[in-house]
Amino acid sequence: MKSVSIDPANGAAGALFIAIGAVFAFQAFGLELGTTFRMGPGYFPLVLSLILIFLGCIVLVQATQVQGEPIGAFAWRGMLLILPAPIIFGLTVRGLGFVPALFLAALIAAFASTRMRPLMAVVLAIAVSLFSALVFIKGLGLPFRLFGPWLGY
Amino acid sequence: MDLFSNLALGFATAASPWNLLFCLVGALLGTLVGVLPGIGATATIAMLLPITFQLEPVSSLIMLAGIYYGAQYGGSTTAILINMPGESSSAVTALDGYQMARKGKAGAALAIAALGSFFAGSVSTFLVALFAPPLTSIALQFGAAEYFSLMVVGLVSSIALAHGSIVKALGMVVLGLLLGLVGTDIYSGTPRFTFGIREYSDGLNFVAVAVGIFGIAEILRNLESEKTREVLMAKVGGLMPSREDLKAMVAPMLRGTAIGSALGILPGGGAILASFASYTVEKRISKTPEEFGRGIVAGVAGPESANNAGAQTSFIPMLTLGIPANPVMALMIGAMIIQGIVPGPNVATEQPKLFWGIIASMWIGNLMLVVLNLPLIGLWVKLLTVPYYVLFPIIMAFCSIGVYSVNGNAYDLYAVAFFGLIGYVLAKLRCEPAPLLLGFVLGPLLEENLRRAMIISRGDPSVFVTRPISAILLLLALTVLIVVFLPSVRKKRDEVFVEED
Amino acid sequence: MKKLVAVLAAGLSVVGTLGAQAQTFPDRNITVVVPFSAGGPTDTVTRLVAEAMSKDLGQQVLVENVGGAGGTLGAGRVADADPDGYTLLLHHIGMATSATLYRKLPYDTLNAFDYIGLVTEVPMTLVARKDLEPTDLKSLVEYAKANKDTVTVANAGIGAASHLCGMMFMSAIDTPLVTVPYKGTGPAMTDLLGGQVDIMCDQTTNTTKQIQGGTIKAYAVTTPERLQVLPDIPTSTEGGLNNFDVSIWHGLYAPKGTPADVIDRLSKSLQVALADQNVVDRFAELGTAPSPASDATPAALKAKLEGEIARWKPVIEAAGQYAD
């Protein structure tokens, strides 16, 4: 491109700042603002979100002037498998219990790497769950149930 | 000499064989649990607390002190090895410590952290012993206006945390401040930015945010190109720091100790700033500021010393006033109460054995830590040779447990995933996480103290300049700003940051 | 007692397993949920009681901290738990005040729980920075009324003991003062010690040692009688303030629908725990005492909860401050 070229990383960073700032500003408007001397709950956040939007604009302008490194590839497989791991643990720890929930979380996370083989993943997940159950529940006495009501315990 | 007889009493108490053993066991357990990723000092102590209930009061508190130092050091270990800080202080250690580890100097980084902590701990223990009461009266001079000004100084200096674009670093600070405000507004009871989720009404969990934007983002980055990563980590150099490393750590260690000791005394959250402040100072006076963020010794030695000194002196408000300066101290006070000791202004006179015993055990605890951890460094570094694809499912499992164990709140786990995503995206856009984390910690303090100062002064903003301590702090902040933005200095900065923009 | 026997008999005849459960209860660990973080006063009370109950029940009584949203998250957790007696809730006065402070609660306070018994009633103290002019409660009230725009009242956040007591004080003297909220008791007490704020009303758990050490000034205790640990501090009634009676009472609850025999067993165990010497001693150091056996009963707790909800509703509504 000859005319205006935007550095992708900085351009996106600027846009992201502006977008997040806008979300917070919008929410802050719904809160009582108060005055400078008697600040309401919305005052401080509103000022901050406006600053964030302003900074986002500067980053955006800078992006049109200097080119940096390209963003590079995203770890899609990693994101799809790593990020759900804590969510699954959170969703199942009370229902299935500590051991199965941890097993599932570790198992799913294990598949994020292309080098992990299924058997290895299962063994690893079992080992982690057993170790944690011994250390945290038996050893340190954390008050979590090993197996939960969904499994009939 | 009163002090000597007191200290003698303290050491006589703390150095009984059983108490030494409890201190050692505490330090060991603290290290072992604290080193698990995503489990910071607060979670570690909360988990290990019940173990100490069975012991008699003095032993129990001595063991607890051991756990505390162990957990702190364990947290730094994870920060250095896998970029997974469990609390705000180790987030700073992660900046250069993790880079040292990537260069194959993990052993050196760990040893520097241990030695720096030990030195700082020893010095500040004596400070506690010598000056606890007078220091307390200074700390009590700090009201809302002073804390606000102190936080402003912290914010202004946060620019130094970044080694890329200043504007983006400022953006990250502001974003962190905003995230810090999520939760119920204490002045009006209004929930803010919680999207109607009651589980977030006490704010976002620090560990969830830190683990997400540091640790998980790092895992994802490593998963982009798995092959290069293996090569990086296979290169583990010598375990011990070289002679040059040791020489390079002396001055930062001294400065860090001074900064940390001073900030730790303030009960309203001064210790939080210790490691950040030390990093800022080191970078500012360094001859090679461009090396910060790439694995420089001063970037580990300074903040680690500051952090440990601050952790130590934050015992001062607890011992002399009976007031917890942070969640960890709140746990300690809880433990004391269960043991039948209600901390208050009279602990030193009513229970001299306990008071001086704890002070002596602080030093012993630090010593144990060095004795224990220097040999363990080999073991920790070996962990890095475990293939990464085996390591990270384990990391994910432990950090899930760690985050969940604090409050049993599943929404904290959802926050981990969310901030993992945000952290990864921001990292891809070359935005650095450390300023965000500092903002996140400072956000609520800044707003709370600003509004409190205004309420107490009946809406008169002049309190910030008419109260001398506050005025001095604001002047300091202004100076830092001028130094940063002065044209000549600016030029130097630009040379330093040619890599970006 | 007859009724109880009848219920027991009915339980035995209708569901055989229920009777078997009563004989074997508890056959595994019991979890008591504390709806606050570890290390706080409620957590401390719970851990002491749990330890003593473990001895009596022959099973570990574990403490789980489910903090957040003024205790309503933990309470909601227990309201949803299986009513089998293995998940309990130890909550303080907030159980009653949340019903008004929160306009939307995930549980129905009066219908979601079964009652086991009162645990303790922690007295409150009205304290001030040590150089505040007034010398007794009467002159404090006059002083506060004359300087209502400058007298500051600290509290540890909405719904905290100090917040409730501060509200009750202002309601009792019929004068709104300047409220200064903090995040937790620690910072609030620090500013009181430093003389940054004027008065606070908080549990003896937090104030006793400071009062004894002379670092703060105490004007009154909010109980009908003087306290053993602070014999020199007059009651609020002695000081001429009649409708200022506040205590932070703690109760033990189970989810609604817990079998009556299990409740009975737990209630007995609570009574045993409250008579435990260690519990008595530790509570005394905190400036409180375990509830007498007659109060550690389901009926007493039920009556307390209902009475306190009714008492606090108008006070909170008049202050017009809600937590959601």
# chains A, B, ... in the order shown; residues from 1 in each chain; ligands from 1
call {"tool": "residues_around", "arguments": {"residues": "Thr31 in chain C", "least_positions_apart": "3", "cutoff": "6 Å", "atoms": "only C-alpha atoms", "output": "ChimeraX atom specification"}}
result
/C:61-63,86-87
call {"tool": "interface_residues", "arguments": {"of": "chain A", "to": "chain B", "cutoff": "6 Å", "atoms": "only C-alpha atoms", "output": "MDAnalysis selection string"}}
result
chainID A and resid 9 13 37 52 55 66 75 78 83 86:87 90 106 109:110 113
call {"tool": "residues_around", "arguments": {"residues": "range 108-111 of chain B", "least_positions_apart": "3", "cutoff": "6 Å", "atoms": "only C-alpha atoms", "output": "PyMOL selection string"}}
result
chain B and resi 97+105+114+239-241
call {"tool": "closest_atom_pairs", "arguments": {"of": "chain A", "to": "chain C", "cutoff": "10 Å", "atoms": "only C-alpha atoms", "output": "Markdown table"}}
result
| residue | atom | partner | partner_atom | distance |
| --- | --- | --- | --- | --- |
| A:Gly141 | CA | C:Leu62 | CA | 8.0 |
| A:Leu142 | CA | C:Glu64 | CA | 7.9 |
| A:Pro143 | CA | C:Glu64 | CA | 5.9 |
| A:Phe144 | CA | C:Glu64 | CA | 8.4 |
| A:Arg145 | CA | C:Asn29 | CA | 9.3 |
| A:Pro149 | CA | C:Asp82 | CA | 8.9 |
call {"tool": "interface_residues", "arguments": {"of": "chain C", "to": "chain B", "cutoff": "7 Å", "atoms": "only C-alpha atoms", "output": "PDB file with C-alpha atoms, in the first residue's frame"}}
result
ATOM      1  CA  ALA C  38     -10.039 -16.394  56.248  1.00  0.00           C
ATOM      2  CA  GLY C  39      -8.577 -14.483  59.190  1.00  0.00           C
ATOM      3  CA  GLY C  40     -11.559 -12.285  60.010  1.00  0.00           C
ATOM      4  CA  THR C  44     -12.017 -17.093  63.891  1.00  0.00           C
ATOM      5  CA  LEU C  48     -12.835 -22.360  67.217  1.00  0.00           C
ATOM      6  CA  ASN C  65     -14.346 -19.660  53.211  1.00  0.00           C
ATOM      7  CA  VAL C  66     -16.758 -18.545  50.525  1.00  0.00           C
ATOM      8  CA  GLY C  67     -16.332 -14.796  50.774  1.00  0.00           C
ATOM      9  CA  GLY C  68     -17.894 -12.083  48.702  1.00  0.00           C
ATOM     10  CA  ALA C  69     -20.862  -9.765  48.258  1.00  0.00           C
ATOM     11  CA  GLY C 157     -17.753  -0.980  54.254  1.00  0.00           C
ATOM     12  CA  ILE C 158     -21.425  -1.492  53.561  1.00  0.00           C
ATOM     13  CA  VAL C 180     -16.233   7.599  55.891  1.00  0.00           C
ATOM     14  CA  PRO C 181     -16.181   4.045  54.497  1.00  0.00           C
ATOM     15  CA  GLY C 186      -7.830  -2.762  59.454  1.00  0.00           C
ATOM     16  CA  PRO C 187      -7.578   0.471  57.478  1.00  0.00           C
ATOM     17  CA  THR C 190      -5.523   2.614  61.405  1.00  0.00           C
ATOM     18  CA  ASP C 191      -7.079   5.954  60.578  1.00  0.00           C
ATOM     19  CA  GLY C 194      -3.877   8.117  63.549  1.00  0.00           C
ATOM     20  CA  GLN C 196      -7.676  10.934  60.736  1.00  0.00           C
ATOM     21  CA  LYS C 209      -6.931  -4.425  72.981  1.00  0.00           C
ATOM     22  CA  GLN C 210      -6.801  -0.896  71.609  1.00  0.00           C
ATOM     23  CA  GLY C 213      -3.807   0.008  75.447  1.00  0.00           C
ATOM     24  CA  ARG C 282     -10.676 -17.857  73.535  1.00  0.00           C
ATOM     25  CA  GLU C 285     -10.054 -12.972  75.113  1.00  0.00           C
ATOM     26  CA  GLN C 321     -28.165   2.987  51.351  1.00  0.00           C
ATOM     27  CA  TYR C 322     -28.298  -0.361  49.613  1.00  0.00           C
ATOM     28  CA  ALA C 323     -25.567  -2.772  48.607  1.00  0.00           C
ATOM     29  CA  ASP C 324     -26.841  -3.551  45.119  1.00  0.00           C
TER      30      ASP C 324
END
call {"tool": "select_by_dssp", "arguments": {"residues": "range 98-314 of chain B", "states": "alpha helix (DSSP H)", "output": "PyMOL selection string"}}
result
chain B and resi 98-102+106-139+144-157+166-180+206-210+217-224+226-234+243-264+271-285+298-313
call {"tool": "residues_around", "arguments": {"residues": "Val297 in chain B", "least_positions_apart": "4", "cutoff": "10 Å", "atoms": "only C-alpha atoms", "output": "number ranges by chain"}}
result
B: 96-97, 100, 108-109, 112-113, 241, 244-250, 252, 291-292, 301-302
call {"tool": "write_last_selection", "arguments": {"atoms": "all heavy atoms", "output": "CSV table (one decimal), in the first residue's frame"}}
result
chain,number,residue,atom,x,y,z
B,96,ASP,N,12.4,-9.4,34.6
B,96,ASP,CA,13.8,-9.7,34.2
B,96,ASP,C,14.2,-11.2,34.6
B,96,ASP,O,15.0,-11.8,34.0
B,96,ASP,CB,14.7,-8.7,34.8
B,96,ASP,CG,14.8,-7.5,34.0
B,96,ASP,OD1,15.6,-7.4,33.0
B,96,ASP,OD2,14.0,-6.6,34.2
B,97,GLY,N,13.6,-11.7,35.7
B,97,GLY,CA,13.9,-13.0,36.1
B,97,GLY,C,13.6,-14.0,35.0
B,97,GLY,O,14.4,-14.9,34.7
B,100,MET,N,16.0,-13.8,32.3
B,100,MET,CA,17.2,-14.5,32.6
B,100,MET,C,17.1,-16.0,32.4
B,100,MET,O,18.0,-16.7,31.9
B,100,MET,CB,17.6,-14.2,34.1
B,100,MET,CG,18.2,-12.8,34.3
B,100,MET,SD,18.7,-12.5,36.0
B,100,MET,CE,20.3,-13.4,36.0
B,108,ALA,N,21.0,-18.7,38.3
B,108,ALA,CA,21.6,-17.4,38.8
B,108,ALA,C,20.5,-16.5,39.3
B,108,ALA,O,20.6,-15.9,40.4
B,108,ALA,CB,22.4,-16.8,37.7
B,109,ALA,N,19.4,-16.5,38.5
B,109,ALA,CA,18.3,-15.6,38.9
B,109,ALA,C,17.7,-16.0,40.2
B,109,ALA,O,17.4,-15.2,41.1
B,109,ALA,CB,17.2,-15.6,37.8
B,112,ILE,N,20.1,-15.2,43.0
B,112,ILE,CA,20.1,-13.7,43.3
B,112,ILE,C,18.9,-13.4,44.1
B,112,ILE,O,19.0,-12.6,45.1
B,112,ILE,CB,20.2,-13.0,42.0
B,112,ILE,CG1,21.6,-13.1,41.4
B,112,ILE,CG2,19.8,-11.5,42.2
B,112,ILE,CD1,21.7,-12.6,39.9
B,113,ALA,N,17.8,-13.9,43.7
B,113,ALA,CA,16.5,-13.6,44.5
B,113,ALA,C,16.7,-14.1,45.9
B,113,ALA,O,16.3,-13.4,46.8
B,113,ALA,CB,15.4,-14.3,43.8
B,241,PRO,N,25.3,-17.8,40.4
B,241,PRO,CA,25.6,-16.5,39.7
B,241,PRO,C,27.1,-16.4,39.6
B,241,PRO,O,27.9,-16.9,40.4
B,241,PRO,CB,25.0,-15.5,40.7
B,241,PRO,CG,24.7,-16.2,41.9
B,241,PRO,CD,24.6,-17.6,41.7
B,244,GLU,N,30.6,-11.6,38.3
B,244,GLU,CA,30.0,-10.3,37.8
B,244,GLU,C,28.6,-10.1,38.3
B,244,GLU,O,28.2,-9.0,38.7
B,244,GLU,CB,30.1,-10.2,36.3
B,244,GLU,CG,31.4,-10.1,35.7
B,244,GLU,CD,32.0,-11.5,35.5
B,244,GLU,OE1,31.6,-12.2,34.5
B,244,GLU,OE2,32.9,-11.9,36.3
B,245,ASP,N,27.8,-11.2,38.3
B,245,ASP,CA,26.4,-11.1,38.7
B,245,ASP,C,26.4,-10.6,40.1
B,245,ASP,O,25.6,-9.8,40.5
B,245,ASP,CB,25.8,-12.5,38.6
B,245,ASP,CG,25.5,-12.9,37.2
B,245,ASP,OD1,25.5,-12.0,36.3
B,245,ASP,OD2,25.3,-14.1,36.9
B,246,LEU,N,27.3,-11.2,41.0
B,246,LEU,CA,27.2,-10.9,42.4
B,246,LEU,C,27.6,-9.4,42.6
B,246,LEU,O,27.0,-8.7,43.4
B,246,LEU,CB,28.2,-11.8,43.2
B,246,LEU,CG,27.7,-13.2,43.3
B,246,LEU,CD1,28.8,-14.1,44.0
B,246,LEU,CD2,26.4,-13.3,44.1
B,247,LYS,N,28.6,-9.0,41.8
B,247,LYS,CA,29.0,-7.6,41.9
B,247,LYS,C,27.9,-6.7,41.5
B,247,LYS,O,27.6,-5.7,42.1
B,247,LYS,CB,30.2,-7.4,41.0
B,247,LYS,CG,31.3,-6.5,41.7
B,247,LYS,CD,32.4,-6.3,40.7
B,247,LYS,CE,33.7,-7.0,41.1
B,247,LYS,NZ,34.7,-7.1,40.1
B,248,ALA,N,27.2,-7.1,40.4
B,248,ALA,CA,26.1,-6.3,39.9
B,248,ALA,C,24.9,-6.2,40.9
B,248,ALA,O,24.1,-5.3,40.7
B,248,ALA,CB,25.6,-6.8,38.5
B,249,MET,N,24.8,-7.1,41.8
B,249,MET,CA,23.6,-7.2,42.6
B,249,MET,C,23.7,-6.3,43.9
B,249,MET,O,22.7,-6.0,44.5
B,249,MET,CB,23.2,-8.6,42.9
B,249,MET,CG,24.0,-9.3,44.0
B,249,MET,SD,23.3,-10.9,44.4
B,249,MET,CE,21.9,-10.5,45.4
B,250,VAL,N,25.0,-6.0,44.2
B,250,VAL,CA,25.1,-5.4,45.6
B,250,VAL,C,24.4,-4.0,45.7
B,250,VAL,O,23.6,-3.9,46.6
B,250,VAL,CB,26.7,-5.1,45.8
B,250,VAL,CG1,26.8,-4.3,47.1
B,250,VAL,CG2,27.3,-6.5,46.0
B,252,PRO,N,22.0,-2.5,43.8
B,252,PRO,CA,20.5,-2.6,43.7
B,252,PRO,C,19.9,-3.2,45.0
B,252,PRO,O,18.8,-2.8,45.4
B,252,PRO,CB,20.2,-3.5,42.5
B,252,PRO,CG,21.5,-3.5,41.7
B,252,PRO,CD,22.6,-3.2,42.6
B,291,GLU,N,18.7,-2.6,28.9
B,291,GLU,CA,18.8,-4.0,29.2
B,291,GLU,C,17.7,-4.5,30.1
B,291,GLU,O,17.5,-5.6,30.3
B,291,GLU,CB,20.2,-4.3,29.9
B,291,GLU,CG,21.4,-4.3,29.0
B,291,GLU,CD,21.2,-5.3,27.8
B,291,GLU,OE1,20.8,-6.5,28.2
B,291,GLU,OE2,21.4,-5.0,26.7
B,292,PHE,N,17.0,-3.5,30.7
B,292,PHE,CA,15.9,-3.9,31.6
B,292,PHE,C,14.7,-4.5,30.8
B,292,PHE,O,14.4,-4.0,29.7
B,292,PHE,CB,15.4,-2.7,32.4
B,292,PHE,CG,16.2,-2.4,33.6
B,292,PHE,CD1,17.4,-1.7,33.5
B,292,PHE,CD2,15.8,-2.8,34.9
B,292,PHE,CE1,18.2,-1.5,34.6
B,292,PHE,CE2,16.6,-2.6,36.0
B,292,PHE,CZ,17.8,-1.9,35.8
B,301,ALA,N,17.5,-8.4,41.5
B,301,ALA,CA,18.1,-8.2,42.8
B,301,ALA,C,17.3,-7.0,43.6
B,301,ALA,O,16.9,-7.2,44.7
B,301,ALA,CB,19.5,-7.9,42.8
B,302,GLY,N,17.1,-5.9,42.9
B,302,GLY,CA,16.5,-4.7,43.5
B,302,GLY,C,15.1,-5.1,44.0
B,302,GLY,O,14.8,-5.0,45.2
call {"tool": "atom_distance", "arguments": {"atom1": "CA of Gly166 in chain C", "atom2": "CA of Ala145 in chain B"}}
result
23.6 Å
call {"tool": "residues_around", "arguments": {"residues": "Val281 in chain B", "least_positions_apart": "5", "cutoff": "10 Å", "atoms": "only C-alpha atoms", "output": "ChimeraX atom specification"}}
result
/B:157,160,252,255-256,259,275-276,286,299,302-303
call {"tool": "write_last_selection", "arguments": {"atoms": "N, CA and C atoms", "output": "compact mmCIF listing (two decimals), in the first residue's frame"}}
result
# COMPACT_ATOMS: atom_id res chain seq x y z
N SER B 157 5.77 6.78 38.27
CA SER B 157 7.01 6.04 38.03
C SER B 157 6.76 4.74 37.26
N ALA B 160 8.37 3.50 33.89
CA ALA B 160 9.65 2.81 33.76
C ALA B 160 9.47 1.30 33.62
N PRO B 252 21.98 -2.54 43.79
CA PRO B 252 20.50 -2.63 43.72
C PRO B 252 19.90 -3.24 44.99
N ARG B 255 19.84 -0.55 47.71
CA ARG B 255 18.79 0.44 47.45
C ARG B 255 17.41 -0.19 47.63
N GLY B 256 17.27 -1.41 47.13
CA GLY B 256 15.98 -2.09 47.26
C GLY B 256 15.59 -2.27 48.71
N ILE B 259 14.38 1.11 50.08
CA ILE B 259 13.05 1.49 49.56
C ILE B 259 11.97 0.61 50.18
N SER B 275 8.32 -3.28 45.30
CA SER B 275 9.10 -3.84 44.20
C SER B 275 8.99 -2.98 42.95
N PHE B 276 7.81 -2.41 42.72
CA PHE B 276 7.66 -1.53 41.56
C PHE B 276 8.61 -0.34 41.69
N SER B 286 20.32 3.31 36.06
CA SER B 286 21.21 2.36 35.40
C SER B 286 21.91 3.02 34.22
N GLY B 299 17.49 -5.92 37.79
CA GLY B 299 16.04 -6.00 37.71
C GLY B 299 15.46 -7.11 38.55
N GLY B 302 17.11 -5.90 42.87
CA GLY B 302 16.48 -4.74 43.50
C GLY B 302 15.07 -5.06 43.99
N PRO B 303 14.17 -5.41 43.06
CA PRO B 303 12.78 -5.66 43.47
C PRO B 303 12.63 -6.79 44.49
call {"tool": "residues_around", "arguments": {"residues": "Leu60 in chain A", "least_positions_apart": "5", "cutoff": "10 Å", "atoms": "only C-alpha atoms", "output": "ChimeraX atom specification"}}
result
/A:6-18,54-55,65
call {"tool": "write_last_selection", "arguments": {"atoms": "N, CA and C atoms", "output": "JSON list (two decimals), in the first residue's frame"}}
result
[["chain", "number", "residue", "atom", "x", "y", "z"],
["A", 6, "ILE", "N", -0.98, 1.20, 7.87],
["A", 6, "ILE", "CA", -1.13, 1.17, 9.32],
["A", 6, "ILE", "C", -0.42, -0.05, 9.87],
["A", 7, "ASP", "N", 0.40, 0.21, 10.88],
["A", 7, "ASP", "CA", 1.06, -0.91, 11.54],
["A", 7, "ASP", "C", -0.01, -1.75, 12.22],
["A", 8, "PRO", "N", -0.11, -3.02, 11.85],
["A", 8, "PRO", "CA", -1.25, -3.81, 12.36],
["A", 8, "PRO", "C", -1.29, -3.91, 13.88],
["A", 9, "ALA", "N", -0.14, -4.15, 14.53],
["A", 9, "ALA", "CA", -0.16, -4.33, 15.98],
["A", 9, "ALA", "C", -0.59, -3.05, 16.69],
["A", 10, "ASN", "N", 0.04, -1.94, 16.34],
["A", 10, "ASN", "CA", -0.31, -0.69, 17.01],
["A", 10, "ASN", "C", -1.71, -0.22, 16.64],
["A", 11, "GLY", "N", -2.07, -0.43, 15.38],
["A", 11, "GLY", "CA", -3.41, -0.05, 14.97],
["A", 11, "GLY", "C", -4.44, -0.77, 15.79],
["A", 12, "ALA", "N", -4.27, -2.08, 15.92],
["A", 12, "ALA", "CA", -5.23, -2.87, 16.69],
["A", 12, "ALA", "C", -5.19, -2.49, 18.17],
["A", 13, "ALA", "N", -3.97, -2.22, 18.69],
["A", 13, "ALA", "CA", -3.87, -1.85, 20.11],
["A", 13, "ALA", "C", -4.63, -0.57, 20.36],
["A", 14, "GLY", "N", -4.44, 0.42, 19.46],
["A", 14, "GLY", "CA", -5.14, 1.69, 19.61],
["A", 14, "GLY", "C", -6.65, 1.48, 19.57],
["A", 15, "ALA", "N", -7.08, 0.69, 18.59],
["A", 15, "ALA", "CA", -8.52, 0.44, 18.44],
["A", 15, "ALA", "C", -9.06, -0.26, 19.68],
["A", 16, "LEU", "N", -8.29, -1.20, 20.20],
["A", 16, "LEU", "CA", -8.72, -1.94, 21.39],
["A", 16, "LEU", "C", -8.87, -1.00, 22.59],
["A", 17, "PHE", "N", -7.87, -0.13, 22.77],
["A", 17, "PHE", "CA", -7.95, 0.84, 23.88],
["A", 17, "PHE", "C", -9.22, 1.68, 23.75],
["A", 18, "ILE", "N", -9.45, 2.16, 22.51],
["A", 18, "ILE", "CA", -10.62, 3.02, 22.31],
["A", 18, "ILE", "C", -11.90, 2.23, 22.61],
["A", 54, "PHE", "N", -8.38, 8.62, 24.72],
["A", 54, "PHE", "CA", -7.41, 9.58, 24.21],
["A", 54, "PHE", "C", -6.08, 8.90, 23.88],
["A", 55, "LEU", "N", -5.61, 8.06, 24.81],
["A", 55, "LEU", "CA", -4.34, 7.35, 24.57],
["A", 55, "LEU", "C", -4.48, 6.42, 23.37],
["A", 65, "GLN", "N", 2.36, 6.02, 11.22],
["A", 65, "GLN", "CA", 3.65, 6.63, 10.90],
["A", 65, "GLN", "C", 4.81, 5.65, 10.87]]
call {"tool": "residues_around", "arguments": {"residues": "range 257-269 of chain C", "least_positions_apart": "2", "cutoff": "7 Å", "atoms": "only C-alpha atoms", "output": "ChimeraX atom specification"}}
result
/C:8,22,53,56-57,83-85,114,116-117,254-255,271-273,296-297
call {"tool": "atom_distance", "arguments": {"atom1": "CA of Tyr43 in chain A", "atom2": "CA of Leu31 in chain A"}}
result
8.3 Å
call {"tool": "select_by_dssp", "arguments": {"residues": "range 14-208 of chain C", "states": "strand (DSSP E)", "output": "ChimeraX atom specification"}}
result
/C:30-34,61-65,87-91,113-129,152-155,178-181,199-203
call {"tool": "atom_distance", "arguments": {"atom1": "CA of Thr125 in chain B", "atom2": "CA of Gly357 in chain B"}}
result
11.9 Å
